[in-house]
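target.pdb (PDB, C-alpha atoms)
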MODEL        1
ATOM      1  CA  MET Q   1      23.140  20.179   8.357
ATOM      2  CA  ALA Q   2      22.601  19.200   4.736
ATOM      3  CA  THR Q   3      19.623  17.001   3.992
ATOM      4  CA  ASP Q   4      18.438  15.228   0.854
ATOM      5  CA  PRO Q   5      14.744  14.211   0.662
ATOM      6  CA  LYS Q   6      15.685  11.497  -1.822
ATOM      7  CA  LYS Q   7      17.264   9.702   1.128
ATOM      8  CA  TYR Q   8      14.127   9.844   3.284
ATOM      9  CA  SER Q   9      11.898   6.801   3.789
ATOM     10  CA  LEU Q  10       8.389   6.150   5.052
ATOM     11  CA  ASN Q  11       9.538   4.143   8.040
ATOM     12  CA  HIS Q  12       6.431   3.181   9.983
ATOM     13  CA  THR Q  13       2.758   3.586  10.741
ATOM     14  CA  MET Q  14       1.596   3.708  14.349
ATOM     15  CA  LEU Q  15      -1.640   2.155  15.598
ATOM     16  CA  ARG Q  16      -2.841   2.041  19.186
ATOM     17  CA  VAL Q  17      -3.970  -1.324  20.515
ATOM     18  CA  LYS Q  18      -6.209  -1.888  23.492
ATOM     19  CA  ASP Q  19      -4.495  -5.014  24.781
ATOM     20  CA  PRO Q  20      -1.328  -6.524  23.273
ATOM     21  CA  GLN Q  21      -2.252  -9.892  24.766
ATOM     22  CA  ARG Q  22      -5.765  -9.780  23.308
ATOM     23  CA  SER Q  23      -4.210  -8.630  20.047
ATOM     24  CA  SER Q  24      -2.210 -11.828  20.092
ATOM     25  CA  LYS Q  25      -5.245 -14.083  20.022
ATOM     26  CA  ALA Q  26      -7.833 -14.811  17.416
ATOM     27  CA  SER Q  27     -11.476 -15.256  18.309
ATOM     28  CA  PRO Q  28     -13.165 -17.626  18.434
ATOM     29  CA  VAL Q  29     -10.521 -19.980  17.038
ATOM     30  CA  SER Q  30      -6.835 -19.659  17.944
ATOM     31  CA  PRO Q  31      -4.273 -19.932  15.131
ATOM     32  CA  PRO Q  32      -2.421 -23.227  14.889
ATOM     33  CA  PRO Q  33       0.389 -23.289  17.478
ATOM     34  CA  LEU Q  34       3.014 -24.040  14.846
ATOM     35  CA  LEU Q  35       2.297 -20.695  13.209
ATOM     36  CA  MET Q  36       2.842 -18.711  16.382
ATOM     37  CA  SER Q  37       5.624 -17.878  18.790
ATOM     38  CA  ASP Q  38       4.744 -17.340  22.414
ATOM     39  CA  THR Q  39       7.522 -14.759  22.671
ATOM     40  CA  LEU Q  40       5.900 -12.218  20.378
ATOM     41  CA  PRO Q  41       3.238  -9.850  21.741
ATOM     42  CA  VAL Q  42       0.975  -9.461  18.742
ATOM     43  CA  LYS Q  43       0.367 -12.813  17.160
ATOM     44  CA  TYR Q  44      -2.183 -11.588  14.674
ATOM     45  CA  TYR Q  45       0.511  -9.732  12.786
ATOM     46  CA  GLU Q  46       2.854 -12.654  13.200
ATOM     47  CA  LEU Q  47       0.233 -14.747  11.425
ATOM     48  CA  LEU Q  48       0.530 -12.206   8.607
ATOM     49  CA  GLY Q  49       4.242 -12.936   8.492
ATOM     50  CA  MET Q  50       5.605 -10.056  10.551
ATOM     51  CA  LYS Q  51       8.183 -10.347  13.317
ATOM     52  CA  GLN Q  52       8.867  -8.142  16.304
ATOM     53  CA  ILE Q  53      12.097  -6.303  15.518
ATOM     54  CA  ASN Q  54      12.124  -3.902  18.470
ATOM     55  CA  LYS Q  55      10.291  -3.057  21.663
ATOM     56  CA  ILE Q  56      10.582   0.205  23.590
ATOM     57  CA  GLU Q  57       9.214   0.137  27.123
ATOM     58  CA  ASN Q  58       8.221   3.390  28.804
ATOM     59  CA  PRO Q  59       7.010   2.440  32.292
ATOM     60  CA  ASP Q  60       7.381   5.997  33.607
ATOM     61  CA  ALA Q  61       5.054   7.284  30.884
ATOM     62  CA  LYS Q  62       2.953   4.099  31.098
ATOM     63  CA  PHE Q  63       3.140   2.928  27.514
ATOM     64  CA  ASP Q  64       5.067   0.380  25.437
ATOM     65  CA  LEU Q  65       5.885   0.392  21.744
ATOM     66  CA  TYR Q  66       6.096  -2.762  19.647
ATOM     67  CA  PHE Q  67       7.767  -2.580  16.232
ATOM     68  CA  LEU Q  68       6.975  -5.302  13.695
ATOM     69  CA  ALA Q  69       8.175  -5.827  10.139
ATOM     70  CA  TYR Q  70       8.852  -8.458   7.508
ATOM     71  CA  ASP Q  71      12.255  -9.882   8.321
ATOM     72  CA  THR Q  72      13.063 -13.033   6.389
ATOM     73  CA  LEU Q  73      15.778 -13.544   3.805
ATOM     74  CA  LYS Q  74      13.113 -12.749   1.199
ATOM     75  CA  SER Q  75      12.191  -9.426   2.819
ATOM     76  CA  LEU Q  76      13.220  -6.090   1.364
ATOM     77  CA  SER Q  77      15.051  -4.849   4.457
ATOM     78  CA  SER Q  78      15.964  -8.011   6.319
ATOM     79  CA  GLY Q  79      18.301  -7.502   9.249
ATOM     80  CA  GLN Q  80      18.372  -3.706   9.033
ATOM     81  CA  HIS Q  81      18.108  -1.393  12.025
ATOM     82  CA  TRP Q  82      14.441  -0.560  12.530
ATOM     83  CA  THR Q  83      14.985   3.109  11.624
ATOM     84  CA  ALA Q  84      16.636   2.107   8.334
ATOM     85  CA  ARG Q  85      13.600   0.195   7.049
ATOM     86  CA  GLN Q  86      10.413   0.866   5.198
ATOM     87  CA  GLY Q  87       7.236  -1.043   6.001
ATOM     88  CA  VAL Q  88       7.390  -1.072   9.808
ATOM     89  CA  LEU Q  89       4.261  -1.281  11.968
ATOM     90  CA  GLU Q  90       4.377   0.354  15.401
ATOM     91  CA  LEU Q  91       1.781  -0.804  17.909
ATOM     92  CA  THR Q  92       1.320   1.407  20.952
ATOM     93  CA  HIS Q  93      -0.153   0.080  24.174
ATOM     94  CA  ASN Q  94      -1.124   2.559  26.880
ATOM     95  CA  TYR Q  95      -1.166   0.807  30.242
ATOM     96  CA  GLY Q  96      -4.617   0.146  31.624
ATOM     97  CA  THR Q  97      -6.669   0.246  28.431
ATOM     98  CA  GLU Q  98      -6.902  -3.551  28.506
ATOM     99  CA  LYS Q  99      -8.755  -3.310  31.835
ATOM    100  CA  ASP Q 100     -11.207  -0.632  30.714
ATOM    101  CA  ASP Q 101     -14.387  -2.254  29.399
ATOM    102  CA  ASN Q 102     -15.490   1.078  27.918
ATOM    103  CA  PHE Q 103     -12.289   1.682  25.982
ATOM    104  CA  LYS Q 104     -12.534   0.976  22.286
ATOM    105  CA  ILE Q 105     -10.125   1.711  19.473
ATOM    106  CA  ALA Q 106     -11.389   3.949  16.660
ATOM    107  CA  ASN Q 107     -10.465   2.164  13.438
ATOM    108  CA  GLY Q 108     -10.835   5.313  11.331
ATOM    109  CA  ASN Q 109     -13.633   4.056   9.095
ATOM    110  CA  SER Q 110     -16.712   5.169  10.992
ATOM    111  CA  GLU Q 111     -17.924   8.278  12.762
ATOM    112  CA  PRO Q 112     -16.815   9.646  15.069
ATOM    113  CA  GLY Q 113     -13.195   9.216  14.167
ATOM    114  CA  LYS Q 114     -13.211   8.812  10.392
ATOM    115  CA  GLY Q 115      -9.908   9.622   8.721
ATOM    116  CA  PHE Q 116      -7.328   6.848   8.691
ATOM    117  CA  GLY Q 117      -8.436   4.007   6.441
ATOM    118  CA  HIS Q 118      -6.215   0.940   6.528
ATOM    119  CA  ILE Q 119      -2.833  -0.641   6.256
ATOM    120  CA  CYS Q 120      -2.142  -2.964   3.340
ATOM    121  CA  ILE Q 121      -0.039  -6.068   2.832
ATOM    122  CA  SER Q 122       0.738  -7.628  -0.531
ATOM    123  CA  VAL Q 123       0.911 -11.397  -0.823
ATOM    124  CA  ASP Q 124       2.043 -14.089  -3.246
ATOM    125  CA  ALA Q 125      -1.223 -16.040  -3.603
ATOM    126  CA  ILE Q 126      -4.192 -14.005  -2.425
ATOM    127  CA  GLN Q 127      -6.807 -16.791  -2.271
ATOM    128  CA  ALA Q 128      -4.516 -19.011  -0.198
ATOM    129  CA  ALA Q 129      -3.457 -16.090   2.004
ATOM    130  CA  CYS Q 130      -7.049 -15.105   2.756
ATOM    131  CA  GLN Q 131      -8.027 -18.714   3.432
ATOM    132  CA  ARG Q 132      -5.141 -19.009   5.885
ATOM    133  CA  ILE Q 133      -6.347 -15.930   7.773
ATOM    134  CA  GLU Q 134      -9.935 -17.211   7.827
ATOM    135  CA  ASP Q 135      -8.847 -20.676   8.963
ATOM    136  CA  ALA Q 136      -7.077 -19.042  11.903
ATOM    137  CA  GLY Q 137     -10.417 -17.636  13.059
ATOM    138  CA  TYR Q 138     -10.101 -13.993  12.073
ATOM    139  CA  LYS Q 139     -12.896 -11.950  10.541
ATOM    140  CA  PHE Q 140     -13.082  -9.973   7.320
ATOM    141  CA  GLN Q 141     -14.584  -6.608   6.504
ATOM    142  CA  LYS Q 142     -14.629  -7.722   2.874
ATOM    143  CA  LYS Q 143     -13.835 -11.160   1.511
ATOM    144  CA  LEU Q 144     -12.552 -11.689  -2.017
ATOM    145  CA  THR Q 145     -15.984 -12.915  -3.070
ATOM    146  CA  ASP Q 146     -17.808  -9.847  -1.714
ATOM    147  CA  GLY Q 147     -18.803  -7.071  -4.101
ATOM    148  CA  ARG Q 148     -17.409  -6.416  -7.546
ATOM    149  CA  MET Q 149     -13.725  -6.105  -6.677
ATOM    150  CA  ARG Q 150     -12.554  -9.718  -6.545
ATOM    151  CA  HIS Q 151      -8.848  -8.884  -6.395
ATOM    152  CA  ILE Q 152      -8.715  -7.284  -2.939
ATOM    153  CA  ALA Q 153      -9.893  -8.244   0.530
ATOM    154  CA  PHE Q 154      -9.993  -6.505   3.896
ATOM    155  CA  ALA Q 155      -9.208  -8.541   6.993
ATOM    156  CA  LEU Q 156      -9.939  -7.221  10.492
ATOM    157  CA  ASP Q 157      -7.341  -7.247  13.218
ATOM    158  CA  PRO Q 158      -8.427  -7.811  16.848
ATOM    159  CA  ASP Q 159      -8.949  -4.069  17.412
ATOM    160  CA  GLY Q 160     -11.040  -3.683  14.263
ATOM    161  CA  TYR Q 161      -8.411  -2.037  12.063
ATOM    162  CA  TRP Q 162      -8.787  -2.836   8.386
ATOM    163  CA  VAL Q 163      -5.899  -4.720   6.751
ATOM    164  CA  GLU Q 164      -6.140  -4.680   2.979
ATOM    165  CA  ILE Q 165      -4.839  -7.771   1.202
ATOM    166  CA  ILE Q 166      -3.586  -7.374  -2.383
ATOM    167  CA  ALA Q 167      -1.537  -9.594  -4.684
ATOM    168  CA  PHE Q 168       1.856  -9.026  -6.247
ATOM    169  CA  ASN Q 169       1.323 -12.006  -8.562
ATOM    170  CA  PRO Q 170      -1.468 -12.239 -11.177
ATOM    171  CA  VAL Q 171      -4.586 -13.417  -9.347
ATOM    172  CA  ASP Q 172      -5.772 -15.686 -12.154
ATOM    173  CA  LYS Q 173      -2.489 -17.610 -12.024
ATOM    174  CA  THR Q 174      -2.815 -18.372  -8.332
ATOM    175  CA  GLU Q 175      -6.494 -19.332  -8.159
ATOM    176  CA  ASP Q 176      -5.658 -23.020  -7.697
ATOM    177  CA  VAL Q 177      -2.631 -22.432  -5.475
ATOM    178  CA  LYS Q 178      -3.291 -23.820  -1.999
ATOM    179  CA  GLU Q 179      -0.101 -22.710  -0.261
ATOM    180  CA  THR Q 180       1.123 -19.231   0.618
ATOM    181  CA  ASP Q 181       4.491 -18.093   1.955
ATOM    182  CA  PRO Q 182       4.176 -15.278   4.542
ATOM    183  CA  GLY Q 183       7.928 -14.829   4.281
ATOM    184  CA  THR Q 184       7.364 -13.170   0.906
ATOM    185  CA  TYR Q 185       4.683 -10.738   2.100
ATOM    186  CA  LYS Q 186       5.267  -6.981   2.145
ATOM    187  CA  PHE Q 187       3.825  -4.096   4.160
ATOM    188  CA  ASN Q 188       2.818  -2.215   1.054
ATOM    189  CA  HIS Q 189       1.036   0.969   2.147
ATOM    190  CA  SER Q 190      -1.020   2.925   4.651
ATOM    191  CA  MET Q 191      -4.116   4.863   3.634
ATOM    192  CA  ILE Q 192      -5.406   8.169   4.991
ATOM    193  CA  ARG Q 193      -8.311  10.241   3.695
ATOM    194  CA  VAL Q 194      -7.638  13.850   2.717
ATOM    195  CA  LYS Q 195     -10.023  16.763   2.353
ATOM    196  CA  ASP Q 196      -8.262  18.646  -0.461
ATOM    197  CA  HIS Q 197      -6.180  16.496  -2.782
ATOM    198  CA  GLU Q 198      -4.315  19.418  -4.323
ATOM    199  CA  LYS Q 199      -3.169  20.765  -0.960
ATOM    200  CA  SER Q 200      -2.191  17.319   0.272
ATOM    201  CA  LEU Q 201      -0.342  16.320  -2.896
ATOM    202  CA  ASN Q 202       1.586  19.574  -2.821
ATOM    203  CA  PHE Q 203       2.446  19.091   0.858
ATOM    204  CA  TYR Q 204       3.675  15.522   0.530
ATOM    205  CA  GLN Q 205       5.618  16.192  -2.667
ATOM    206  CA  ASP Q 206       7.069  19.664  -2.166
ATOM    207  CA  ILE Q 207       7.520  19.698   1.608
ATOM    208  CA  MET Q 208       7.918  16.042   2.578
ATOM    209  CA  GLY Q 209       9.830  15.191  -0.603
ATOM    210  CA  MET Q 210       7.738  12.229  -1.744
ATOM    211  CA  SER Q 211       6.914  11.386  -5.363
ATOM    212  CA  LEU Q 212       3.563  10.474  -6.846
ATOM    213  CA  VAL Q 213       4.073   6.973  -8.233
ATOM    214  CA  ARG Q 214       0.512   5.940  -9.061
ATOM    215  CA  THR Q 215      -2.938   7.495  -9.471
ATOM    216  CA  SER Q 216      -6.212   5.575  -9.581
ATOM    217  CA  GLU Q 217      -9.188   7.675 -10.690
ATOM    218  CA  ASN Q 218     -12.657   6.386  -9.842
ATOM    219  CA  ALA Q 219     -14.952   9.052 -11.253
ATOM    220  CA  SER Q 220     -18.010   6.791 -11.312
ATOM    221  CA  ASN Q 221     -17.677   6.290  -7.549
ATOM    222  CA  GLY Q 222     -16.583   9.819  -6.777
ATOM    223  CA  PHE Q 223     -13.079   9.270  -5.423
ATOM    224  CA  ASN Q 224      -9.421   9.147  -6.456
ATOM    225  CA  LEU Q 225      -6.465   7.327  -4.927
ATOM    226  CA  TYR Q 226      -2.953   8.759  -4.955
ATOM    227  CA  PHE Q 227       0.092   6.648  -4.059
ATOM    228  CA  LEU Q 228       3.291   8.361  -2.964
ATOM    229  CA  ALA Q 229       6.666   6.930  -1.999
ATOM    230  CA  TYR Q 230      10.359   7.479  -1.313
ATOM    231  CA  PRO Q 231      12.203   7.481  -3.616
ATOM    232  CA  GLY Q 232       9.872   8.177  -6.527
ATOM    233  CA  ASP Q 233       9.768   6.054  -9.651
ATOM    234  CA  GLU Q 234       7.619   7.720 -12.278
ATOM    235  CA  ALA Q 235       7.690   4.566 -14.407
ATOM    236  CA  LEU Q 236       5.395   2.934 -11.863
ATOM    237  CA  SER Q 237       2.589   5.399 -12.554
ATOM    238  CA  LYS Q 238       1.143   3.244 -15.329
ATOM    239  CA  GLU Q 239      -0.936   0.132 -14.837
ATOM    240  CA  SER Q 240       0.863  -3.179 -15.241
ATOM    241  CA  ALA Q 241       0.149  -5.100 -18.427
ATOM    242  CA  ASN Q 242      -0.514  -8.327 -16.510
ATOM    243  CA  GLY Q 243      -3.181  -6.719 -14.354
ATOM    244  CA  VAL Q 244      -1.123  -6.566 -11.176
ATOM    245  CA  ASN Q 245      -0.922  -3.328  -9.241
ATOM    246  CA  PRO Q 246       2.471  -2.001 -10.431
ATOM    247  CA  THR Q 247       3.415  -0.867  -6.928
ATOM    248  CA  ALA Q 248       2.354  -4.082  -5.168
ATOM    249  CA  GLU Q 249       5.882  -5.392  -4.672
ATOM    250  CA  ARG Q 250       7.030  -2.241  -2.870
ATOM    251  CA  GLU Q 251       6.970  -1.204   0.766
ATOM    252  CA  GLY Q 252       6.635   2.187   2.393
ATOM    253  CA  LEU Q 253       3.919   3.738   0.254
ATOM    254  CA  LEU Q 254       1.343   6.280   1.377
ATOM    255  CA  GLU Q 255      -2.140   6.176  -0.144
ATOM    256  CA  LEU Q 256      -4.188   9.367  -0.091
ATOM    257  CA  THR Q 257      -7.921   8.903  -0.682
ATOM    258  CA  TRP Q 258      -9.832  11.955  -1.879
ATOM    259  CA  ASN Q 259     -13.629  11.863  -2.025
ATOM    260  CA  TYR Q 260     -14.903  14.405  -4.533
ATOM    261  CA  GLY Q 261     -16.367  17.581  -3.085
ATOM    262  CA  THR Q 262     -14.948  17.483   0.434
ATOM    263  CA  GLU Q 263     -12.632  20.375  -0.438
ATOM    264  CA  LYS Q 264     -15.653  22.598  -1.106
ATOM    265  CA  ASP Q 265     -17.184  22.086   2.335
ATOM    266  CA  ALA Q 266     -15.721  24.641   4.747
ATOM    267  CA  ASP Q 267     -16.972  22.694   7.751
ATOM    268  CA  PHE Q 268     -15.692  19.301   6.612
ATOM    269  CA  LYS Q 269     -12.855  17.794   8.640
ATOM    270  CA  TYR Q 270     -11.240  14.384   8.978
ATOM    271  CA  HIS Q 271     -10.270  12.939  12.346
ATOM    272  CA  ASN Q 272      -6.523  12.746  12.968
ATOM    273  CA  GLY Q 273      -6.685   9.680  15.216
ATOM    274  CA  ASN Q 274      -5.118  11.456  18.198
ATOM    275  CA  ASP Q 275      -8.153  13.364  19.383
ATOM    276  CA  GLU Q 276     -10.862  11.324  21.041
ATOM    277  CA  PRO Q 277     -11.774   8.672  20.019
ATOM    278  CA  GLN Q 278      -8.203   7.513  19.495
ATOM    279  CA  GLY Q 279      -6.787   4.870  17.184
ATOM    280  CA  PHE Q 280      -4.290   5.621  14.412
ATOM    281  CA  GLY Q 281      -1.454   7.762  15.728
ATOM    282  CA  HIS Q 282       0.922   8.801  12.969
ATOM    283  CA  ILE Q 283       3.068   7.929  10.027
ATOM    284  CA  CYS Q 284       6.813   8.318  10.446
ATOM    285  CA  ILE Q 285       9.580   9.283   8.058
ATOM    286  CA  ALA Q 286      13.222   8.493   8.714
ATOM    287  CA  VAL Q 287      15.655  11.104   7.396
ATOM    288  CA  ASP Q 288      19.347  11.322   6.587
ATOM    289  CA  ASP Q 289      20.040  14.219   8.966
ATOM    290  CA  LEU Q 290      17.424  14.995  11.604
ATOM    291  CA  ASP Q 291      18.581  18.539  12.354
ATOM    292  CA  GLY Q 292      18.929  19.370   8.678
ATOM    293  CA  ALA Q 293      15.535  17.907   7.767
ATOM    294  CA  CYS Q 294      13.786  19.822  10.543
ATOM    295  CA  LYS Q 295      15.548  23.013   9.454
ATOM    296  CA  ARG Q 296      14.284  22.363   5.914
ATOM    297  CA  PHE Q 297      10.735  21.858   7.181
ATOM    298  CA  GLU Q 298      10.976  25.021   9.254
ATOM    299  CA  ASP Q 299      12.135  26.993   6.200
ATOM    300  CA  LYS Q 300       9.131  25.699   4.265
ATOM    301  CA  GLY Q 301       6.773  26.951   6.971
ATOM    302  CA  VAL Q 302       5.323  23.679   8.249
ATOM    303  CA  ASN Q 303       2.955  23.519  11.182
ATOM    304  CA  TRP Q 304       4.582  21.712  14.076
ATOM    305  CA  LYS Q 305       2.995  19.428  16.633
ATOM    306  CA  LYS Q 306       6.363  19.049  18.323
ATOM    307  CA  LYS Q 307       9.730  20.577  17.427
ATOM    308  CA  LEU Q 308      12.965  18.808  18.284
ATOM    309  CA  THR Q 309      13.543  21.286  21.098
ATOM    310  CA  ASP Q 310      10.121  20.717  22.692
ATOM    311  CA  GLY Q 311       9.757  18.433  25.670
ATOM    312  CA  ARG Q 312      12.203  15.853  26.931
ATOM    313  CA  MET Q 313      12.558  13.760  23.775
ATOM    314  CA  LYS Q 314      15.053  15.646  21.622
ATOM    315  CA  ASN Q 315      15.379  12.905  18.998
ATOM    316  CA  ILE Q 316      11.898  13.097  17.473
ATOM    317  CA  ALA Q 317       9.730  15.805  15.948
ATOM    318  CA  PHE Q 318       6.141  15.855  14.698
ATOM    319  CA  VAL Q 319       4.909  17.790  11.655
ATOM    320  CA  LEU Q 320       1.212  18.351  10.935
ATOM    321  CA  ASP Q 321      -0.095  17.724   7.426
ATOM    322  CA  PRO Q 322      -2.956  19.802   5.903
ATOM    323  CA  ASP Q 323      -5.584  17.546   7.526
ATOM    324  CA  GLY Q 324      -3.931  17.583  10.929
ATOM    325  CA  TYR Q 325      -2.440  14.078  10.694
ATOM    326  CA  TRP Q 326       0.780  13.692  12.671
ATOM    327  CA  ILE Q 327       4.027  12.890  10.841
ATOM    328  CA  GLU Q 328       6.835  11.771  13.095
ATOM    329  CA  VAL Q 329      10.379  12.602  11.961
ATOM    330  CA  ILE Q 330      13.290  10.456  13.186
ATOM    331  CA  GLN Q 331      16.909   9.863  12.298
ATOM    332  CA  ASN Q 332      17.811   6.937  10.051
ATOM    333  CA  GLU Q 333      20.430   5.489  12.367
ATOM    334  CA  LYS Q 334      22.175   3.657   9.530
ATOM    335  CA  MET Q 335      22.993   7.004   7.918
ATOM    336  CA  LYS Q 336      23.972   8.852  11.080
ATOM    337  CA  ARG Q 337      24.256   7.369  14.554
ATOM    338  CA  THR Q 338      22.498   9.626  17.060
ATOM    339  CA  SER Q 339      20.332   7.569  19.431
ATOM    340  CA  ASN Q 340      20.484   4.296  21.288
ATOM    341  CA  TRP Q 341      17.006   3.191  20.292
TER     342      TRP Q 341
ENDMDL
END

If you convert what's in this file into structure tokens, what do you get?
Amino acid sequence: MATDPKKYSLNHTMLRVKDPQRSSKASPVSPPPLLMSDTLPVKYYELLGMKQINKIENPDAKFDLYFLAYDTLKSLSSGQHWTARQGVLELTHNYGTEKDDNFKIANGNSEPGKGFGHICISVDAIQAACQRIEDAGYKFQKKLTDGRMRHIAFALDPDGYWVEIIAFNPVDKTEDVKETDPGTYKFNHSMIRVKDHEKSLNFYQDIMGMSLVRTSENASNGFNLYFLAYPGDEALSKESANGVNPTAEREGLLELTWNYGTEKDADFKYHNGNDEPQGFGHICIAVDDLDGACKRFEDKGVNWKKKLTDGRMKNIAFVLDPDGYWIEVIQNEKMKRTSNW
């Protein structure tokens, strides 16, 4: 049961959606028909260039899982089994929520329920990409022209989740570019807020085996950002000379946001997304040997939400991070065939 953390990957991020059909429509203007396929359940993310690569139906438990990723010839993991990828988005629909007028997803950015922040995609031409989203009728939390930071935007999906838009090409070289190619986009990272950066960095590096690839300190605004990934590349810790985020062309990164002083407040706590009100569910790592990885985690004294031996599903486990966020652990089926997902 040998396991090597260098072979792990940040496979997916799970978000609950109220209604997969509503999540497939923009309001008030529908996206142009040529951009959409009626066969895919979540057309908003298809507009962002993603494709459905798997669907797992669980009628007995009354929920369905939709897995979306970038899957063109220009994508980083085109054609791979969904467990062998980075940059996968899992959307969970619990039957009946679409009929409940009082049900509302917690997007993680307001109380109650503050914790998870956003997912992020990187694009070729950010002005053209944002214009394409706006032309399709979707709203923004922050447009490129809002505030001082003119190199990032935050679009809103139909459930109110924030989707950060960043560029992997120099922004000033694409200002006059009118076309954008969603086939080149990447699911760059997912952001969660952490109470104590030292505890969280130690957990994700020592226990989960990730490497810190970039740090962004914002002392004037009282927060720092830490980007971790599998496998680590310490050369990416420095800012790019051309002004582009040096990790923007990657997938499968985790961003930890630490607001100064939260670690000193004994009563301070972030919401894990799984208590009420619900929204974000978990991040997921795919490992080379599921039994070996779980044995390694057990030896390091992790807190478990679910061990492999718990419940009926013996092919997944859930570890709790220092803030109580859930981390699903699954087998990379390309490395070792264990499940008929």

Can you work out which one of Q:Asn245, Q:Ser200, Q:Asn224, Q:Ser339 has the shortest atom-to-atom distance to Leu320 (chain Q), counting only C-alpha atoms?
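Closest residue, counting only C-alpha atoms: Q:Ser200.
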
Applying the PyMOL selection byres ((chain Q and resi 64) around 12) to the file I just gave you, which residues come out? Please list them as a count of residues only.
26

Tell me which of Q:Asn107, Q:Asn303, Q:Thr13, Q:Thr257 sits closest to Ile207 (chain Q), counting all atoms listed in the file.
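Smallest separation from Ile207 (chain Q) among the options: Q:Asn303.
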
Could you give me, as a ChimeraX atom specification, the residues that have an atom at most 8 Å away from the point (4.1, -12.9, -7.6) in the coordinates of the file, using all atoms listed in the file?
/Q:123-125,167-170

Take the residues from that selection and write them out as a compact mmCIF listing (two decimals), in the frame of the given file, keeping C-alpha atoms.
# COMPACT_ATOMS: atom_id res chain seq x y z
CA VAL Q 123 0.91 -11.40 -0.82
CA ASP Q 124 2.04 -14.09 -3.25
CA ALA Q 125 -1.22 -16.04 -3.60
CA ALA Q 167 -1.54 -9.59 -4.68
CA PHE Q 168 1.86 -9.03 -6.25
CA ASN Q 169 1.32 -12.01 -8.56
CA PRO Q 170 -1.47 -12.24 -11.18

Could you check how far CA of Lys139 (chain Q) sits from CA of Asp181 (chain Q), in Å to one decimal?
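Those two atoms sit 20.3 Å apart.
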
Using only C-alpha atoms, list the residues that have an atom at most 12 Å from (20.2, -2.4, 7.7), coordinates as in the file, as a short mmCIF file (atom, residue, chain, number, x, y, z; two decimals) with C-alpha atoms, in the frame of the given file.
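Saved the output as selection_35.cif:
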data_model
loop_
_atom_site.label_atom_id
_atom_site.label_comp_id
_atom_site.auth_asym_id
_atom_site.auth_seq_id
_atom_site.Cartn_x
_atom_site.Cartn_y
_atom_site.Cartn_z
CA ILE Q 53 12.10 -6.30 15.52
CA ASP Q 71 12.26 -9.88 8.32
CA SER Q 75 12.19 -9.43 2.82
CA LEU Q 76 13.22 -6.09 1.36
CA SER Q 77 15.05 -4.85 4.46
CA SER Q 78 15.96 -8.01 6.32
CA GLY Q 79 18.30 -7.50 9.25
CA GLN Q 80 18.37 -3.71 9.03
CA HIS Q 81 18.11 -1.39 12.02
CA TRP Q 82 14.44 -0.56 12.53
CA THR Q 83 14.98 3.11 11.62
CA ALA Q 84 16.64 2.11 8.33
CA ARG Q 85 13.60 0.20 7.05
CA GLN Q 86 10.41 0.87 5.20
CA ASN Q 332 17.81 6.94 10.05
CA GLU Q 333 20.43 5.49 12.37
CA LYS Q 334 22.18 3.66 9.53
CA MET Q 335 22.99 7.00 7.92
#

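With CA of Ile285 (chain Q) on one side and CA of Leu308 (chain Q) on the other, the separation reads 14.4 Å.
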
Output of the PyMOL selection byres ((chain Q and resi 261) around 10), listed as an mmCIF file with C-alpha atoms, keeping the file's coordinate frame:
data_model
loop_
_atom_site.group_PDB
_atom_site.id
_atom_site.type_symbol
_atom_site.label_atom_id
_atom_site.label_comp_id
_atom_site.auth_asym_id
_atom_site.auth_seq_id
_atom_site.Cartn_x
_atom_site.Cartn_y
_atom_site.Cartn_z
ATOM 1 C CA LYS Q 195 -10.023 16.763 2.353
ATOM 2 C CA ASP Q 196 -8.262 18.646 -0.461
ATOM 3 C CA GLY Q 222 -16.583 9.819 -6.777
ATOM 4 C CA PHE Q 223 -13.079 9.270 -5.423
ATOM 5 C CA TRP Q 258 -9.832 11.955 -1.879
ATOM 6 C CA ASN Q 259 -13.629 11.863 -2.025
ATOM 7 C CA TYR Q 260 -14.903 14.405 -4.533
ATOM 8 C CA THR Q 262 -14.948 17.483 0.434
ATOM 9 C CA GLU Q 263 -12.632 20.375 -0.438
ATOM 10 C CA LYS Q 264 -15.653 22.598 -1.106
ATOM 11 C CA ASP Q 265 -17.184 22.086 2.335
ATOM 12 C CA PHE Q 268 -15.692 19.301 6.612
#

Near Phe140 (chain Q), within 10 Å and counting all atoms listed in the file, which residues show up once chain neighbours fewer than 3 positions away are dropped, as number ranges by chain?
Q: 130, 133-134, 137, 143-144, 153-157, 160, 162-164

Residues of the last selection are to be written out with C-alpha atoms, as a PDB file, in the coordinates of the input.
ATOM      1  CA  CYS Q 130      -7.049 -15.105   2.756  1.00  0.00           C
ATOM      2  CA  ILE Q 133      -6.347 -15.930   7.773  1.00  0.00           C
ATOM      3  CA  GLU Q 134      -9.935 -17.211   7.827  1.00  0.00           C
ATOM      4  CA  GLY Q 137     -10.417 -17.636  13.059  1.00  0.00           C
ATOM      5  CA  LYS Q 143     -13.835 -11.160   1.511  1.00  0.00           C
ATOM      6  CA  LEU Q 144     -12.552 -11.689  -2.017  1.00  0.00           C
ATOM      7  CA  ALA Q 153      -9.893  -8.244   0.530  1.00  0.00           C
ATOM      8  CA  PHE Q 154      -9.993  -6.505   3.896  1.00  0.00           C
ATOM      9  CA  ALA Q 155      -9.208  -8.541   6.993  1.00  0.00           C
ATOM     10  CA  LEU Q 156      -9.939  -7.221  10.492  1.00  0.00           C
ATOM     11  CA  ASP Q 157      -7.341  -7.247  13.218  1.00  0.00           C
ATOM     12  CA  GLY Q 160     -11.040  -3.683  14.263  1.00  0.00           C
ATOM     13  CA  TRP Q 162      -8.787  -2.836   8.386  1.00  0.00           C
ATOM     14  CA  VAL Q 163      -5.899  -4.720   6.751  1.00  0.00           C
ATOM     15  CA  GLU Q 164      -6.140  -4.680   2.979  1.00  0.00           C
TER      16      GLU Q 164
END
